[in-house]
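S.K.: What follows is a single structure, and I will ask about it in a moment.
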Amino acid sequence: MAPTAKKPEKAVTAKGLPAVPESVLKHRKRREALKARRVQATIKKRATDLKKRKDIFKRAEKYVKEYRLKERDEIRLARQAKTRGNYYIPGEAKLAFVIRIRGINQVAPKVRKVLQLFRLKQINNGVFIKLNKATLNMLRICEPYVTWGYPNLKSVKELMYKRGFAKVHGQRVAMTSNSIVENKLGKMNIICVEDLIHEIFTVGDNFKFASNFLWPFKLNTPTGGWRKKTNHYVEGGDFGNREDKINELLRRMV
């Protein structure tokens, strides 16, 4: 028979009591168990974060591919129309960026209400708006106080990365990490800033929540100043719809 291993004997004092008190041993055991749990939690969190990072990277790549494909399709259709002696008319814009250009003096009650609904409470504030019949009618009401147009992808990205702030518990919070976006919009499958940009730019199903999550953008007065705020853009002024020219204005304001 193989010799059986003897159990280590507990150190005892002269009076036959344990050398280390029972309470100290319990504390030590509890600390070791807690440390082991923390290590396991850290390992698990690192694995989850790595998986999430890979997922975010894949999503970003997919979006870039989608944007390029859309751009190429527009060019292809325009060329195709030209070779056949026709004109290519792109689809109507679904997204608008609205900037408040005038202050609070002598504002009619209806106009004030519309500006309040658009969350444009300060001068040089800007918001993304989904274009439909209702919002177009609202824009007509407050037109002398705002300028708006159709932002491109570059403008949306610049606004989001340079001027983007989130609304968390009614507070204006800088979007310093993807976790801020995920905590608020994770249930809508928006887990990073790239997802947010995609949702806004493509005017997705969750546009309302994504737009409301963003605090109204606080922009600078444009470099070189305004032309004439009291005149419409087509008359050499500033207010009203400036379509694609909003992008040039945003370059001077961001």
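By order in the structure tokens, chains are A, B, ...; within a chain, residues start at 1; ligands start at 1, following the order shown.
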Write out as a compact mmCIF listing (two decimals) with N, CA, C and O atoms, in the first residue's frame each polymer residue whose atoms come within 8 Å of A:Arg102, counting only C-alpha atoms; drop sequence neighbours fewer than 3 positions from it.

M.R.:
# COMPACT_ATOMS: atom_id res chain seq x y z
N ILE A 123 -29.09 81.49 -30.04
CA ILE A 123 -28.56 81.85 -31.34
C ILE A 123 -27.35 80.94 -31.66
O ILE A 123 -26.62 80.54 -30.75
N TYR A 145 -36.00 83.15 -38.99
CA TYR A 145 -35.12 83.05 -37.82
C TYR A 145 -34.08 81.94 -37.94
O TYR A 145 -33.22 81.79 -37.08
N VAL A 146 -34.18 81.14 -39.00
CA VAL A 146 -33.27 80.00 -39.16
C VAL A 146 -32.71 79.93 -40.58
O VAL A 146 -33.30 80.48 -41.52
N LYS A 229 -28.81 89.05 -42.23
CA LYS A 229 -29.74 88.11 -41.60
C LYS A 229 -31.20 88.38 -41.95
O LYS A 229 -32.02 87.47 -41.91

S.K.: Run DSSP on the backbone of this structure and report the residues of stretch 7-238 of chain A it assigns to strand (DSSP E), as a PDB file with N, CA and C atoms, in the first residue's frame.

M.R.:
ATOM      1  N   LEU A  95     -32.852  64.405 -44.776  1.00  0.00           N
ATOM      2  CA  LEU A  95     -32.231  64.977 -43.568  1.00  0.00           C
ATOM      3  C   LEU A  95     -31.916  66.456 -43.783  1.00  0.00           C
ATOM      4  N   ALA A  96     -32.185  67.250 -42.768  1.00  0.00           N
ATOM      5  CA  ALA A  96     -31.833  68.679 -42.812  1.00  0.00           C
ATOM      6  C   ALA A  96     -31.105  69.052 -41.529  1.00  0.00           C
ATOM      7  N   PHE A  97     -30.220  70.049 -41.654  1.00  0.00           N
ATOM      8  CA  PHE A  97     -29.580  70.612 -40.457  1.00  0.00           C
ATOM      9  C   PHE A  97     -30.048  72.059 -40.348  1.00  0.00           C
ATOM     10  N   VAL A  98     -30.658  72.381 -39.214  1.00  0.00           N
ATOM     11  CA  VAL A  98     -31.264  73.707 -39.012  1.00  0.00           C
ATOM     12  C   VAL A  98     -30.456  74.491 -37.983  1.00  0.00           C
ATOM     13  N   ILE A  99     -30.112  75.741 -38.343  1.00  0.00           N
ATOM     14  CA  ILE A  99     -29.328  76.611 -37.446  1.00  0.00           C
ATOM     15  C   ILE A  99     -30.149  77.874 -37.149  1.00  0.00           C
ATOM     16  N   ARG A 100     -30.239  78.228 -35.893  1.00  0.00           N
ATOM     17  CA  ARG A 100     -30.916  79.479 -35.517  1.00  0.00           C
ATOM     18  C   ARG A 100     -29.940  80.636 -35.716  1.00  0.00           C
ATOM     19  N   ASN A 125     -27.496  77.855 -32.390  1.00  0.00           N
ATOM     20  CA  ASN A 125     -27.782  76.451 -32.052  1.00  0.00           C
ATOM     21  C   ASN A 125     -28.186  75.711 -33.322  1.00  0.00           C
ATOM     22  N   GLY A 126     -27.825  74.428 -33.405  1.00  0.00           N
ATOM     23  CA  GLY A 126     -28.175  73.644 -34.589  1.00  0.00           C
ATOM     24  C   GLY A 126     -28.680  72.267 -34.218  1.00  0.00           C
ATOM     25  N   VAL A 127     -29.623  71.745 -35.017  1.00  0.00           N
ATOM     26  CA  VAL A 127     -30.168  70.393 -34.784  1.00  0.00           C
ATOM     27  C   VAL A 127     -30.401  69.692 -36.122  1.00  0.00           C
ATOM     28  N   PHE A 128     -30.396  68.343 -36.052  1.00  0.00           N
ATOM     29  CA  PHE A 128     -30.758  67.528 -37.217  1.00  0.00           C
ATOM     30  C   PHE A 128     -32.270  67.322 -37.206  1.00  0.00           C
ATOM     31  N   ILE A 129     -32.883  67.482 -38.383  1.00  0.00           N
ATOM     32  CA  ILE A 129     -34.337  67.345 -38.512  1.00  0.00           C
ATOM     33  C   ILE A 129     -34.652  66.361 -39.637  1.00  0.00           C
ATOM     34  N   LYS A 130     -35.634  65.487 -39.388  1.00  0.00           N
ATOM     35  CA  LYS A 130     -36.133  64.583 -40.437  1.00  0.00           C
ATOM     36  C   LYS A 130     -37.144  65.363 -41.275  1.00  0.00           C
ATOM     37  N   VAL A 146     -34.181  81.137 -39.005  1.00  0.00           N
ATOM     38  CA  VAL A 146     -33.267  79.997 -39.157  1.00  0.00           C
ATOM     39  C   VAL A 146     -32.715  79.930 -40.582  1.00  0.00           C
ATOM     40  N   THR A 147     -31.578  79.235 -40.696  1.00  0.00           N
ATOM     41  CA  THR A 147     -31.086  78.843 -42.020  1.00  0.00           C
ATOM     42  C   THR A 147     -30.909  77.336 -41.979  1.00  0.00           C
ATOM     43  N   TRP A 148     -31.194  76.674 -43.087  1.00  0.00           N
ATOM     44  CA  TRP A 148     -31.121  75.212 -43.092  1.00  0.00           C
ATOM     45  C   TRP A 148     -30.736  74.690 -44.464  1.00  0.00           C
ATOM     46  N   GLY A 149     -30.347  73.430 -44.485  1.00  0.00           N
ATOM     47  CA  GLY A 149     -29.930  72.805 -45.741  1.00  0.00           C
ATOM     48  C   GLY A 149     -29.715  71.324 -45.539  1.00  0.00           C
ATOM     49  N   PHE A 165     -22.377  66.492 -28.222  1.00  0.00           N
ATOM     50  CA  PHE A 165     -22.594  66.275 -26.795  1.00  0.00           C
ATOM     51  C   PHE A 165     -23.873  65.469 -26.627  1.00  0.00           C
ATOM     52  N   ALA A 166     -23.875  64.605 -25.623  1.00  0.00           N
ATOM     53  CA  ALA A 166     -25.035  63.753 -25.374  1.00  0.00           C
ATOM     54  C   ALA A 166     -25.890  64.327 -24.256  1.00  0.00           C
ATOM     55  N   LYS A 167     -27.161  63.916 -24.251  1.00  0.00           N
ATOM     56  CA  LYS A 167     -28.073  64.319 -23.169  1.00  0.00           C
ATOM     57  C   LYS A 167     -28.254  63.105 -22.260  1.00  0.00           C
ATOM     58  N   VAL A 168     -27.638  63.156 -21.080  1.00  0.00           N
ATOM     59  CA  VAL A 168     -27.714  62.048 -20.118  1.00  0.00           C
ATOM     60  C   VAL A 168     -28.309  62.578 -18.821  1.00  0.00           C
ATOM     61  N   GLN A 171     -28.493  66.230 -18.511  1.00  0.00           N
ATOM     62  CA  GLN A 171     -27.216  66.949 -18.437  1.00  0.00           C
ATOM     63  C   GLN A 171     -26.488  66.899 -19.794  1.00  0.00           C
ATOM     64  N   ARG A 172     -25.741  67.948 -20.100  1.00  0.00           N
ATOM     65  CA  ARG A 172     -24.938  67.989 -21.342  1.00  0.00           C
ATOM     66  C   ARG A 172     -23.602  67.305 -21.068  1.00  0.00           C
ATOM     67  N   VAL A 173     -23.403  66.131 -21.676  1.00  0.00           N
ATOM     68  CA  VAL A 173     -22.223  65.302 -21.407  1.00  0.00           C
ATOM     69  C   VAL A 173     -21.436  65.102 -22.697  1.00  0.00           C
ATOM     70  N   ALA A 174     -20.118  65.314 -22.633  1.00  0.00           N
ATOM     71  CA  ALA A 174     -19.264  65.114 -23.804  1.00  0.00           C
ATOM     72  C   ALA A 174     -19.211  63.624 -24.151  1.00  0.00           C
ATOM     73  N   PHE A 217     -26.474  71.342 -31.030  1.00  0.00           N
ATOM     74  CA  PHE A 217     -25.084  71.734 -31.283  1.00  0.00           C
ATOM     75  C   PHE A 217     -24.908  73.237 -31.050  1.00  0.00           C
ATOM     76  N   LYS A 218     -23.875  73.575 -30.292  1.00  0.00           N
ATOM     77  CA  LYS A 218     -23.560  74.993 -30.053  1.00  0.00           C
ATOM     78  C   LYS A 218     -22.421  75.366 -31.005  1.00  0.00           C
TER      79      LYS A 218
END

S.K.: Determine which residues of stretch 203-232 of chain A DSSP labels as alpha helix (DSSP H) from the backbone of this structure, then write them out as a PyMOL selection string.

M.R.: chain A and resi 207-213

S.K.: I need the chosen residues saved as a tab-separated table (two decimals), in the first residue's frame, with N, CA and C atoms.

M.R.:
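Full text of part.tsv as output:
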chain	number	residue	atom	x	y	z
A	207	PHE	N	-34.24	57.24	-35.77
A	207	PHE	CA	-33.71	58.61	-35.92
A	207	PHE	C	-34.20	59.51	-34.79
A	208	LYS	N	-35.47	59.37	-34.43
A	208	LYS	CA	-36.07	60.22	-33.39
A	208	LYS	C	-35.29	60.11	-32.08
A	209	PHE	N	-34.98	58.86	-31.68
A	209	PHE	CA	-34.26	58.63	-30.42
A	209	PHE	C	-32.81	59.11	-30.52
A	210	ALA	N	-32.19	58.85	-31.68
A	210	ALA	CA	-30.79	59.24	-31.89
A	210	ALA	C	-30.64	60.76	-31.86
A	211	SER	N	-31.57	61.45	-32.53
A	211	SER	CA	-31.53	62.92	-32.59
A	211	SER	C	-31.80	63.53	-31.22
A	212	ASN	N	-32.74	62.93	-30.50
A	212	ASN	CA	-33.09	63.45	-29.16
A	212	ASN	C	-31.98	63.19	-28.15
A	213	PHE	N	-31.19	62.14	-28.40
A	213	PHE	CA	-30.06	61.82	-27.52
A	213	PHE	C	-28.97	62.88	-27.61

S.K.: If we count only C-alpha atoms and set the cut-off at 9 Å, which residues sit around A:Asn152, ignoring sequence neighbours fewer than 3 positions away in its own chain? Please answer as a ChimeraX atom specification.

M.R.: /A:155-157,201,244,247

S.K.: Write the residues of the selection above to a file with N, CA, C and O atoms, as a PDB file, in the first residue's frame.

M.R.:
ATOM      1  N   SER A 155     -19.999  66.642 -43.175  1.00  0.00           N
ATOM      2  CA  SER A 155     -20.548  67.616 -42.215  1.00  0.00           C
ATOM      3  C   SER A 155     -21.108  66.922 -40.976  1.00  0.00           C
ATOM      4  O   SER A 155     -20.886  67.370 -39.850  1.00  0.00           O
ATOM      5  N   VAL A 156     -21.838  65.817 -41.202  1.00  0.00           N
ATOM      6  CA  VAL A 156     -22.433  65.067 -40.084  1.00  0.00           C
ATOM      7  C   VAL A 156     -21.328  64.546 -39.170  1.00  0.00           C
ATOM      8  O   VAL A 156     -21.407  64.664 -37.945  1.00  0.00           O
ATOM      9  N   LYS A 157     -20.271  63.997 -39.775  1.00  0.00           N
ATOM     10  CA  LYS A 157     -19.157  63.450 -38.987  1.00  0.00           C
ATOM     11  C   LYS A 157     -18.438  64.546 -38.215  1.00  0.00           C
ATOM     12  O   LYS A 157     -18.110  64.383 -37.038  1.00  0.00           O
ATOM     13  N   PHE A 201     -27.458  60.029 -40.504  1.00  0.00           N
ATOM     14  CA  PHE A 201     -27.230  60.327 -41.926  1.00  0.00           C
ATOM     15  C   PHE A 201     -28.224  59.607 -42.839  1.00  0.00           C
ATOM     16  O   PHE A 201     -28.673  60.171 -43.837  1.00  0.00           O
ATOM     17  N   ASP A 244     -27.510  72.433 -50.493  1.00  0.00           N
ATOM     18  CA  ASP A 244     -26.169  71.867 -50.252  1.00  0.00           C
ATOM     19  C   ASP A 244     -25.172  72.898 -49.725  1.00  0.00           C
ATOM     20  O   ASP A 244     -24.108  72.526 -49.227  1.00  0.00           O
ATOM     21  N   ASN A 247     -23.258  73.046 -46.164  1.00  0.00           N
ATOM     22  CA  ASN A 247     -21.984  72.400 -45.835  1.00  0.00           C
ATOM     23  C   ASN A 247     -20.836  73.405 -45.784  1.00  0.00           C
ATOM     24  O   ASN A 247     -19.986  73.337 -44.900  1.00  0.00           O
TER      25      ASN A 247
END

S.K.: For A:Ile191, which residue among A:Arg31, A:Arg53, A:Lys44, A:Lys26 is the nearest when counting only C-alpha atoms?

M.R.: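 Checking each candidate against A:Ile191, we get A:Arg53 as the closest.
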